[in-house]
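model_6.txt, holding compact mmCIF, C-alpha atoms:
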```txt
# COMPACT_ATOMS: atom_id res chain seq x y z
CA MET A 1 217.82 146.25 165.13
CA LYS A 2 218.04 147.16 168.81
CA ARG A 3 219.02 143.64 169.63
CA ILE A 4 222.32 144.11 167.82
CA PHE A 5 223.62 146.09 170.80
CA PHE A 6 223.16 143.03 172.97
CA ILE A 7 224.32 140.47 170.42
CA LEU A 8 227.38 142.29 169.10
CA PRO A 9 229.29 142.47 172.44
CA LEU A 10 228.43 138.84 173.03
CA VAL A 11 229.76 137.83 169.61
CA LEU A 12 232.94 139.87 170.16
CA PHE A 13 233.35 138.25 173.55
CA PHE A 14 233.18 134.76 172.09
CA VAL A 15 235.58 135.67 169.28
CA LEU A 16 238.04 136.81 171.94
CA VAL A 17 237.48 133.66 174.02
CA GLY A 18 238.08 131.55 170.91
CA TYR A 19 241.32 133.37 170.22
CA PHE A 20 242.55 132.84 173.78
CA VAL A 21 241.57 129.18 173.76
CA ILE A 22 243.56 128.61 170.57
CA SER A 23 246.55 130.52 171.94
CA LEU A 24 246.55 128.50 175.14
CA GLN A 25 246.51 125.12 173.38
CA PRO A 26 249.51 123.00 174.27
CA GLY A 27 251.92 123.01 171.38
CA HIS A 28 251.01 126.55 170.35
CA ASP A 29 254.32 128.28 170.99
CA THR A 30 254.18 132.06 170.75
CA HIS A 31 257.93 132.16 170.38
CA VAL A 32 257.75 130.43 167.00
CA LEU A 33 257.61 133.22 164.46
CA PRO A 34 256.50 133.06 160.86
CA SER A 35 259.48 133.04 158.55
CA ALA A 36 259.99 135.96 156.21
CA MET A 37 262.24 133.82 154.02
CA LEU A 38 259.70 131.16 153.01
CA GLU A 39 259.29 130.69 149.25
CA LYS A 40 262.27 132.98 148.67
CA PRO A 41 265.69 132.06 147.32
CA ALA A 42 267.99 130.81 150.05
CA PRO A 43 270.67 133.43 150.78
CA ALA A 44 274.06 132.66 149.29
CA PHE A 45 276.75 131.41 151.64
CA ASP A 46 280.29 130.18 151.26
CA LEU A 47 281.47 128.53 154.44
CA PRO A 48 284.72 126.75 155.17
CA GLY A 49 284.20 123.03 155.66
CA LEU A 50 285.13 121.02 158.68
CA ASP A 51 288.70 119.67 158.48
CA ASN A 52 289.82 119.17 154.91
CA SER A 53 286.41 118.79 153.38
CA GLY A 54 285.72 121.45 150.78
CA PRO A 55 283.70 124.59 151.48
CA LEU A 56 279.95 124.39 151.78
CA THR A 57 278.31 126.83 149.36
CA MET A 58 274.70 127.48 148.46
CA ALA A 59 275.68 127.50 144.78
CA GLY A 60 277.17 124.03 145.19
CA LEU A 61 273.95 122.65 146.67
CA LYS A 62 271.70 123.91 143.89
CA GLY A 63 270.13 121.33 141.63
CA HIS A 64 269.19 119.01 144.48
CA VAL A 65 266.63 119.08 147.22
CA VAL A 66 268.58 119.58 150.42
CA VAL A 67 267.89 119.86 154.11
CA ILE A 68 270.06 122.36 155.96
CA ASN A 69 270.33 122.06 159.71
CA PHE A 70 271.75 124.89 161.80
CA PHE A 71 273.29 123.38 164.93
CA ALA A 72 275.94 123.93 167.56
CA SER A 73 277.77 121.90 170.17
CA TRP A 74 276.62 124.35 172.86
CA CYS A 75 272.98 123.94 171.89
CA VAL A 76 270.98 121.74 174.24
CA PRO A 77 267.87 121.13 172.06
CA CYS A 78 270.22 120.03 169.25
CA ARG A 79 271.14 117.00 171.38
CA ILE A 80 267.46 116.04 171.44
CA GLU A 81 267.13 115.91 167.66
CA HIS A 82 270.58 114.45 167.05
CA PRO A 83 269.59 110.73 167.25
CA LEU A 84 266.64 111.45 164.95
CA LEU A 85 268.93 113.14 162.41
CA LEU A 86 271.28 110.15 162.55
CA ARG A 87 268.43 107.72 161.91
CA LEU A 88 267.07 109.82 159.03
CA ALA A 89 270.49 110.08 157.43
CA GLN A 90 271.16 106.33 157.71
CA GLU A 91 267.72 104.86 157.01
CA ASN A 92 266.07 107.47 154.80
CA HIS A 93 269.20 108.83 153.11
CA LEU A 94 268.15 112.33 154.10
CA PRO A 95 270.22 114.86 152.07
CA LEU A 96 271.26 116.59 155.27
CA TYR A 97 273.85 119.36 155.38
CA GLY A 98 274.96 120.99 158.60
CA ILE A 99 275.83 124.59 159.32
CA ALA A 100 277.69 124.87 162.60
CA TYR A 101 276.43 128.13 164.07
CA LYS A 102 278.90 130.16 166.17
CA ASP A 103 281.04 127.22 167.07
CA THR A 104 284.63 126.06 166.69
CA PRO A 105 285.83 123.14 164.55
CA ALA A 106 287.33 121.45 167.64
CA ASN A 107 283.99 121.47 169.49
CA ILE A 108 282.07 120.28 166.45
CA LYS A 109 284.52 117.43 165.92
CA ARG A 110 284.20 116.36 169.54
CA LEU A 111 280.41 116.48 169.28
CA LEU A 112 280.31 114.34 166.14
CA ASP A 113 282.91 111.88 167.49
CA THR A 114 280.77 111.36 170.57
CA PHE A 115 277.29 111.22 169.09
CA GLY A 116 277.84 110.34 165.41
CA ASP A 117 277.77 112.42 162.26
CA PRO A 118 274.48 112.64 160.34
CA TYR A 119 275.69 115.32 157.92
CA ARG A 120 276.89 114.87 154.35
CA ARG A 121 278.97 117.98 154.74
CA ILE A 122 279.35 120.73 157.32
CA GLY A 123 280.00 124.44 156.88
CA MET A 124 281.52 126.44 159.70
CA ASP A 125 279.55 129.62 160.35
CA GLN A 126 281.71 130.89 163.19
CA GLU A 127 280.57 134.52 162.96
CA GLY A 128 276.92 133.59 162.45
CA HIS A 129 276.66 135.53 159.17
CA ALA A 130 274.97 132.72 157.28
CA GLY A 131 272.54 132.32 160.19
CA LEU A 132 271.80 136.04 160.14
CA ASN A 133 271.05 135.96 156.42
CA PHE A 134 268.69 133.00 156.88
CA GLY A 135 266.91 134.80 159.72
CA VAL A 136 267.98 132.20 162.28
CA TYR A 137 267.21 133.37 165.79
CA GLY A 138 268.06 130.27 167.72
CA VAL A 139 269.50 126.84 167.02
CA PRO A 140 268.47 124.30 165.96
CA GLU A 141 266.68 125.45 162.84
CA THR A 142 266.13 123.27 159.82
CA TYR A 143 265.42 124.42 156.28
CA VAL A 144 264.18 122.46 153.29
CA ILE A 145 265.51 123.96 150.06
CA ASP A 146 264.31 122.75 146.67
CA ALA A 147 266.39 122.12 143.55
CA ASN A 148 265.93 125.74 142.45
CA GLY A 149 267.36 127.01 145.72
CA ILE A 150 264.00 128.19 147.10
CA ILE A 151 263.33 127.81 150.84
CA ARG A 152 260.23 125.63 151.07
CA LYS A 153 260.03 124.95 154.76
CA ARG A 154 261.54 126.08 158.01
CA PHE A 155 261.50 124.16 161.28
CA VAL A 156 262.29 126.19 164.38
CA GLY A 157 263.54 124.16 167.30
CA PRO A 158 264.36 120.45 167.34
CA LEU A 159 262.75 118.14 164.81
CA THR A 160 260.49 115.53 166.38
CA PRO A 161 259.31 112.17 165.01
CA GLU A 162 255.88 113.78 164.53
CA THR A 163 257.09 116.78 162.51
CA VAL A 164 259.34 114.49 160.47
CA ASP A 165 256.50 112.06 159.63
CA LYS A 166 253.80 114.65 159.10
CA GLU A 167 255.72 117.50 157.48
CA LEU A 168 259.33 116.82 156.51
CA MET A 169 259.03 113.45 154.75
CA PRO A 170 255.82 114.30 152.81
CA LEU A 171 257.39 117.54 151.62
CA LEU A 172 260.58 115.77 150.48
CA LYS A 173 258.51 113.16 148.66
CA GLN A 174 256.54 115.88 146.94
CA LEU A 175 259.67 117.79 145.92
CA GLU A 176 261.51 114.73 144.66
CA PRO A 177 258.95 112.08 143.67
CA SER A 178 261.56 109.72 142.22
CA THR A 179 263.27 108.98 145.53
CA MET B 1 276.83 158.68 204.55
CA LYS B 2 277.47 161.06 201.68
CA ALA B 3 279.69 158.50 200.02
CA LEU B 4 277.01 155.86 200.38
CA LEU B 5 274.37 158.10 198.81
CA LEU B 6 276.72 159.05 196.01
CA SER B 7 277.60 155.46 195.20
CA LEU B 8 273.90 154.55 195.30
CA ALA B 9 273.05 157.40 192.92
CA LEU B 10 275.86 156.33 190.62
CA ALA B 11 274.71 152.74 190.67
CA LEU B 12 271.13 153.78 189.86
CA SER B 13 272.18 156.13 187.08
CA ALA B 14 274.25 153.34 185.60
CA MET B 15 271.16 151.15 185.68
CA THR B 16 268.92 153.62 183.86
CA ALA B 17 271.56 154.30 181.26
CA ALA B 18 271.99 150.57 180.66
CA HIS B 19 272.39 150.10 176.96
CA ALA B 20 273.73 146.94 175.53
CA VAL B 21 275.72 148.60 172.78
CA GLU B 22 279.26 147.57 173.47
CA PRO B 23 282.14 150.01 172.99
CA GLY B 24 283.64 147.85 170.25
CA GLU B 25 280.42 147.95 168.26
CA ARG B 26 280.27 151.73 167.98
CA LEU B 27 280.99 153.37 164.66
CA ALA B 28 283.72 156.00 164.45
CA ASN B 29 281.38 158.33 162.56
CA PRO B 30 279.09 159.90 165.22
CA VAL B 31 276.35 160.72 162.68
CA LEU B 32 276.13 157.11 161.48
CA GLU B 33 276.33 155.85 165.05
CA ALA B 34 273.42 158.12 166.06
CA ARG B 35 271.37 156.79 163.15
CA ALA B 36 272.27 153.23 164.14
CA ARG B 37 271.03 153.92 167.68
CA VAL B 38 267.71 155.28 166.40
CA ILE B 39 267.20 152.28 164.13
CA SER B 40 268.24 149.84 166.86
CA SER B 41 265.67 151.24 169.26
CA GLU B 42 262.93 150.43 166.74
CA LEU B 43 263.93 146.81 166.14
CA ARG B 44 262.81 143.94 168.32
CA CYS B 45 265.24 141.43 169.73
CA LEU B 46 263.70 138.11 168.69
CA VAL B 47 265.13 136.15 171.59
CA CYS B 48 263.86 138.46 174.36
CA GLN B 49 260.81 139.65 172.55
CA ASN B 50 259.91 142.80 174.45
CA GLU B 51 263.32 144.42 174.29
CA SER B 52 264.75 146.40 171.44
CA ILE B 53 268.09 145.27 170.06
CA ASP B 54 269.49 148.53 171.43
CA GLU B 55 268.72 147.38 174.98
CA SER B 56 269.24 143.67 174.70
CA GLY B 57 272.40 141.86 175.68
CA ALA B 58 271.50 138.77 173.66
CA ASP B 59 273.94 137.47 171.05
CA LEU B 60 271.37 137.78 168.31
CA ALA B 61 270.77 141.45 169.21
CA HIS B 62 274.51 142.02 168.86
CA ASP B 63 274.46 140.39 165.42
CA ILE B 64 271.57 142.53 164.24
CA ARG B 65 273.20 145.68 165.63
CA MET B 66 276.29 144.84 163.60
CA LEU B 67 274.17 144.20 160.51
CA VAL B 68 272.50 147.60 160.94
CA ARG B 69 275.90 149.31 161.22
CA GLU B 70 277.27 147.41 158.22
CA ARG B 71 274.36 148.57 156.09
CA LEU B 72 274.72 152.19 157.25
CA VAL B 73 278.44 152.20 156.51
CA ALA B 74 277.66 150.76 153.08
CA GLY B 75 275.54 153.85 152.43
CA ASP B 76 271.99 152.55 152.98
CA THR B 77 269.26 154.91 154.13
CA ASN B 78 267.49 154.22 157.44
CA ALA B 79 264.52 152.76 155.56
CA GLN B 80 266.75 150.46 153.47
CA THR B 81 268.56 149.30 156.59
CA ILE B 82 265.32 148.48 158.39
CA GLN B 83 264.05 146.71 155.26
CA ALA B 84 267.20 144.56 155.20
CA VAL B 85 266.38 143.32 158.71
CA VAL B 86 262.67 142.87 157.93
CA ASN B 87 263.58 140.79 154.85
CA ARG B 88 265.36 138.32 157.12
CA TYR B 89 263.20 138.29 160.22
CA GLY B 90 259.77 139.46 159.05
CA GLN B 91 257.64 142.37 160.21
CA PHE B 92 257.54 141.03 163.74
CA VAL B 93 261.00 142.52 164.16
CA LEU B 94 259.49 146.02 164.05
CA LEU B 95 258.52 147.17 167.52
CA LYS B 96 256.03 149.59 165.95
CA PRO B 97 254.00 147.70 163.37
CA PRO B 98 253.30 149.52 160.07
CA VAL B 99 249.75 150.59 159.22
CA GLU B 100 248.61 148.25 156.43
CA PRO B 101 245.60 146.01 155.76
CA ALA B 102 246.97 143.15 157.87
CA THR B 103 247.36 145.43 160.90
CA TYR B 104 244.17 147.53 160.55
CA LEU B 105 242.52 145.53 163.32
CA LEU B 106 245.51 146.15 165.57
CA TRP B 107 245.58 149.90 164.91
CA PHE B 108 241.89 150.68 164.63
CA GLY B 109 240.35 147.91 166.72
CA PRO B 110 240.66 149.54 170.16
CA PRO B 111 239.46 153.04 169.06
CA GLY B 112 236.70 151.28 167.12
CA LEU B 113 235.58 149.42 170.23
CA VAL B 114 235.58 152.66 172.25
CA ALA B 115 233.49 154.35 169.52
CA LEU B 116 231.08 151.42 169.53
CA GLY B 117 230.79 151.68 173.30
CA LEU B 118 230.11 155.42 173.11
CA VAL B 119 227.40 154.93 170.48
CA GLY B 120 225.86 152.16 172.59
CA THR B 121 225.94 154.33 175.71
CA ALA B 122 224.38 157.26 173.84
CA PHE B 123 221.49 155.05 172.65
CA TRP B 124 221.00 153.65 176.14
CA LEU B 125 220.99 157.09 177.81
CA ARG B 126 218.56 158.52 175.23
CA ARG B 127 216.15 155.69 175.81
CA ARG B 128 216.40 156.17 179.55
CA TYR B 129 215.65 159.90 179.60
CA VAL B 130 213.26 160.24 176.68
CA SER B 131 210.67 157.55 177.12
CA PRO B 132 209.58 156.55 173.61
CA VAL B 133 206.01 155.77 174.79
CA ALA B 134 203.91 158.90 175.38
CA VAL B 135 202.30 158.77 178.81
CA ALA B 136 198.51 158.54 178.51
CA PRO B 137 196.58 160.91 180.80
CA LEU B 138 194.58 159.36 183.65
CA ASN B 139 190.96 158.74 182.98
CA ALA B 140 188.17 159.78 185.41
CA GLU B 141 188.11 156.42 187.25
CA GLU B 142 191.89 156.43 187.82
CA ARG B 143 191.85 160.06 189.02
CA ARG B 144 189.20 159.22 191.63
CA ARG B 145 191.24 156.27 192.83
CA LEU B 146 194.37 158.36 193.10
CA GLU B 147 192.60 160.98 195.17
CA ARG B 148 191.22 158.29 197.47
CA LEU B 149 194.67 156.87 198.01
CA LEU B 150 196.16 160.29 198.78
CA GLN B 151 193.41 161.01 201.28
CA ASP B 152 193.90 157.62 202.98
CA ASN B 153 197.54 158.41 203.28
CA GLU B 154 197.00 161.74 204.95
CA GLY B 155 194.43 160.33 207.33
```
Write out the structure in this file as structure tokens.
Amino acid sequence: MKRIFFILPLVLFFVLVGYFVISLQPGHDTHVLPSAMLEKPAPAFDLPGLDNSGPLTMAGLKGHVVVINFFASWCVPCRIEHPLLLRLAQENHLPLYGIAYKDTPANIKRLLDTFGDPYRRIGMDQEGHAGLNFGVYGVPETYVIDANGIIRKRFVGPLTPETVDKELMPLLKQLEPST
Amino acid sequence: MKALLLSLALALSAMTAAHAVEPGERLANPVLEARARVISSELRCLVCQNESIDESGADLAHDIRMLVRERLVAGDTNAQTIQAVVNRYGQFVLLKPPVEPATYLLWFGPPGLVALGLVGTAFWLRRRYVSPVAVAPLNAEERRRLERLLQDNEG
């Protein structure tokens, strides 16, 4: 019984050490926050499209599994994931829709003319209201939304080949086994 | 000299009063605006994580400040307004976390550790001052030896 006074602090110490070791692991980013919107219906949005393409609405996307990518021409990490998005759209027929966050149509057009356009359609969220409703706190963010309009996954920061192979593609396969 | 001091004092006072709320953001209704300020000081800016949205100059803080004011103008209570932000950004957005099972460790951990330390110290002190083993009296042989030693010492 008396020994517990020696063992307990030691146990607590190692629990603390374990916690710090995990927190200090490379790849453990404390800025990545858990999403409050997971497993909840995606917030409705009705955004004007780029150029003469029709508006992008959440209601219009329902019934299909879709991937929504918040991006901007002023966003540096978006450039990193851009080639990956292009490849996924061309080779894997990723149902990718873009929401241009706090950006102008002219800038978005220039971006896509220069680097290519991976998006099936783009909605212009110039005021950032759609982003606010999704809980976006920095671009790029990528959401997987199932056919019922439920948010199933959120990627904060640029997608990487690893996250695509290990998380995005398996999830899409699971949500839509036929494709 | 006086002018220098005055300008310095002004510059410093401007620094301490630095709030990021821009004039254009303020509500015409002073009561609502005061409530918005109170709510804003309790919400974390998610880009610069140790600042409230009331203090932060980040774009996202501006957006959340506007959301707070929109909700207040629409007639929400303070609690409903805060809940609207929590629904989007999660509980992390609250600078003061609520007391609930998931945060018990956070709230009660440190006082618990202090209590544990106090109990441990009390046990340790008691053992130090009250020896649990009763001291046996010296027997005849030991008493003789002790006396011999004392005499040697004096001589």
Would you please work out which residue, of A:Pro9, A:Gly123, A:Pro118, A:Pro83, is nearest to Asp51 of chain A when using all atoms listed in the file?
A:Gly123
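Using only C-alpha atoms, the chain A residues found within 9 Å of chain B amount to A:Phe5, A:His31, A:Leu33, A:Pro34, A:Ser35, A:Ala36, A:Met37, A:Glu127, A:Gly128, A:His129, A:Leu132, A:Asn133, A:Phe134, A:Gly135, A:Val136, A:Tyr137, A:Gly138.
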Selection: 8 Å around Met124 of chain A, all atoms listed in the file, excl. self and same-chain fewer than 6 positions, as a count of residues only
11
Do you have the atom CA of Val66 of chain A-atom CA of Ala89 of chain A distance handy?
12.0 Å
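Taking atom CA of Asp54 of chain B and atom CA of Glu25 of chain B as endpoints, the distance between them is 11.4 Å.
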Could I get segment 112-140 of chain B rebuilt with N, CA and C atoms, written as a PDB file, keeping the file's coordinate frame?
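Saved the output as part-v7.pdb:
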```pdb
ATOM      1  N   GLY B 112     237.996 151.699 167.656  1.00  0.00           N
ATOM      2  CA  GLY B 112     236.700 151.280 167.120  1.00  0.00           C
ATOM      3  C   GLY B 112     235.797 150.763 168.228  1.00  0.00           C
ATOM      4  N   LEU B 113     236.367 149.962 169.127  1.00  0.00           N
ATOM      5  CA  LEU B 113     235.580 149.420 170.230  1.00  0.00           C
ATOM      6  C   LEU B 113     235.092 150.538 171.151  1.00  0.00           C
ATOM      7  N   VAL B 114     235.965 151.530 171.408  1.00  0.00           N
ATOM      8  CA  VAL B 114     235.580 152.660 172.250  1.00  0.00           C
ATOM      9  C   VAL B 114     234.426 153.412 171.574  1.00  0.00           C
ATOM     10  N   ALA B 115     234.540 153.650 170.257  1.00  0.00           N
ATOM     11  CA  ALA B 115     233.490 154.350 169.520  1.00  0.00           C
ATOM     12  C   ALA B 115     232.175 153.577 169.617  1.00  0.00           C
ATOM     13  N   LEU B 116     232.275 152.266 169.453  1.00  0.00           N
ATOM     14  CA  LEU B 116     231.080 151.420 169.530  1.00  0.00           C
ATOM     15  C   LEU B 116     230.439 151.529 170.905  1.00  0.00           C
ATOM     16  N   GLY B 117     231.288 151.546 171.932  1.00  0.00           N
ATOM     17  CA  GLY B 117     230.790 151.680 173.300  1.00  0.00           C
ATOM     18  C   GLY B 117     230.099 153.012 173.515  1.00  0.00           C
ATOM     19  N   LEU B 118     230.698 154.078 172.962  1.00  0.00           N
ATOM     20  CA  LEU B 118     230.110 155.420 173.110  1.00  0.00           C
ATOM     21  C   LEU B 118     228.747 155.475 172.430  1.00  0.00           C
ATOM     22  N   VAL B 119     228.672 154.931 171.211  1.00  0.00           N
ATOM     23  CA  VAL B 119     227.400 154.930 170.480  1.00  0.00           C
ATOM     24  C   VAL B 119     226.357 154.155 171.281  1.00  0.00           C
ATOM     25  N   GLY B 120     226.775 152.987 171.803  1.00  0.00           N
ATOM     26  CA  GLY B 120     225.860 152.160 172.590  1.00  0.00           C
ATOM     27  C   GLY B 120     225.371 152.903 173.824  1.00  0.00           C
ATOM     28  N   THR B 121     226.308 153.577 174.502  1.00  0.00           N
ATOM     29  CA  THR B 121     225.940 154.330 175.710  1.00  0.00           C
ATOM     30  C   THR B 121     224.970 155.454 175.363  1.00  0.00           C
ATOM     31  N   ALA B 122     225.244 156.161 174.253  1.00  0.00           N
ATOM     32  CA  ALA B 122     224.380 157.260 173.840  1.00  0.00           C
ATOM     33  C   ALA B 122     222.954 156.762 173.610  1.00  0.00           C
ATOM     34  N   PHE B 123     222.828 155.622 172.904  1.00  0.00           N
ATOM     35  CA  PHE B 123     221.490 155.050 172.650  1.00  0.00           C
ATOM     36  C   PHE B 123     220.794 154.714 173.962  1.00  0.00           C
ATOM     37  N   TRP B 124     221.561 154.121 174.874  1.00  0.00           N
ATOM     38  CA  TRP B 124     221.000 153.650 176.140  1.00  0.00           C
ATOM     39  C   TRP B 124     220.502 154.837 176.962  1.00  0.00           C
ATOM     40  N   LEU B 125     221.347 155.919 177.026  1.00  0.00           N
ATOM     41  CA  LEU B 125     220.990 157.090 177.810  1.00  0.00           C
ATOM     42  C   LEU B 125     219.753 157.770 177.222  1.00  0.00           C
ATOM     43  N   ARG B 126     219.686 157.850 175.874  1.00  0.00           N
ATOM     44  CA  ARG B 126     218.560 158.520 175.230  1.00  0.00           C
ATOM     45  C   ARG B 126     217.266 157.794 175.552  1.00  0.00           C
ATOM     46  N   ARG B 127     217.365 156.443 175.539  1.00  0.00           N
ATOM     47  CA  ARG B 127     216.150 155.690 175.810  1.00  0.00           C
ATOM     48  C   ARG B 127     215.724 155.861 177.268  1.00  0.00           C
ATOM     49  N   ARG B 128     216.711 156.063 178.136  1.00  0.00           N
ATOM     50  CA  ARG B 128     216.400 156.170 179.550  1.00  0.00           C
ATOM     51  C   ARG B 128     215.717 157.483 179.868  1.00  0.00           C
ATOM     52  N   TYR B 129     216.178 158.587 179.231  1.00  0.00           N
ATOM     53  CA  TYR B 129     215.650 159.900 179.600  1.00  0.00           C
ATOM     54  C   TYR B 129     214.440 160.283 178.768  1.00  0.00           C
ATOM     55  N   VAL B 130     214.415 159.911 177.507  1.00  0.00           N
ATOM     56  CA  VAL B 130     213.260 160.240 176.680  1.00  0.00           C
ATOM     57  C   VAL B 130     212.482 158.955 176.464  1.00  0.00           C
ATOM     58  N   SER B 131     211.431 158.766 177.246  1.00  0.00           N
ATOM     59  CA  SER B 131     210.670 157.550 177.120  1.00  0.00           C
ATOM     60  C   SER B 131     209.972 157.557 175.758  1.00  0.00           C
ATOM     61  N   PRO B 132     210.153 156.555 174.970  1.00  0.00           N
ATOM     62  CA  PRO B 132     209.580 156.550 173.610  1.00  0.00           C
ATOM     63  C   PRO B 132     208.045 156.465 173.652  1.00  0.00           C
ATOM     64  N   VAL B 133     207.471 155.909 174.729  1.00  0.00           N
ATOM     65  CA  VAL B 133     206.010 155.770 174.790  1.00  0.00           C
ATOM     66  C   VAL B 133     205.422 156.999 175.485  1.00  0.00           C
ATOM     67  N   ALA B 134     204.547 157.728 174.771  1.00  0.00           N
ATOM     68  CA  ALA B 134     203.910 158.900 175.380  1.00  0.00           C
ATOM     69  C   ALA B 134     203.021 158.443 176.530  1.00  0.00           C
ATOM     70  N   VAL B 135     203.087 159.177 177.643  1.00  0.00           N
ATOM     71  CA  VAL B 135     202.300 158.770 178.810  1.00  0.00           C
ATOM     72  C   VAL B 135     200.840 159.192 178.613  1.00  0.00           C
ATOM     73  N   ALA B 136     199.946 158.226 178.696  1.00  0.00           N
ATOM     74  CA  ALA B 136     198.510 158.540 178.510  1.00  0.00           C
ATOM     75  C   ALA B 136     197.969 159.218 179.764  1.00  0.00           C
ATOM     76  N   PRO B 137     197.148 160.243 179.609  1.00  0.00           N
ATOM     77  CA  PRO B 137     196.580 160.910 180.800  1.00  0.00           C
ATOM     78  C   PRO B 137     195.629 159.970 181.551  1.00  0.00           C
ATOM     79  N   LEU B 138     195.454 160.213 182.850  1.00  0.00           N
ATOM     80  CA  LEU B 138     194.580 159.360 183.650  1.00  0.00           C
ATOM     81  C   LEU B 138     193.132 159.586 183.240  1.00  0.00           C
ATOM     82  N   ASN B 139     192.378 158.534 183.268  1.00  0.00           N
ATOM     83  CA  ASN B 139     190.960 158.740 182.980  1.00  0.00           C
ATOM     84  C   ASN B 139     190.231 159.045 184.296  1.00  0.00           C
ATOM     85  N   ALA B 140     188.953 159.323 184.245  1.00  0.00           N
ATOM     86  CA  ALA B 140     188.170 159.780 185.410  1.00  0.00           C
ATOM     87  C   ALA B 140     188.245 158.771 186.545  1.00  0.00           C
TER      88      ALA B 140
END
```
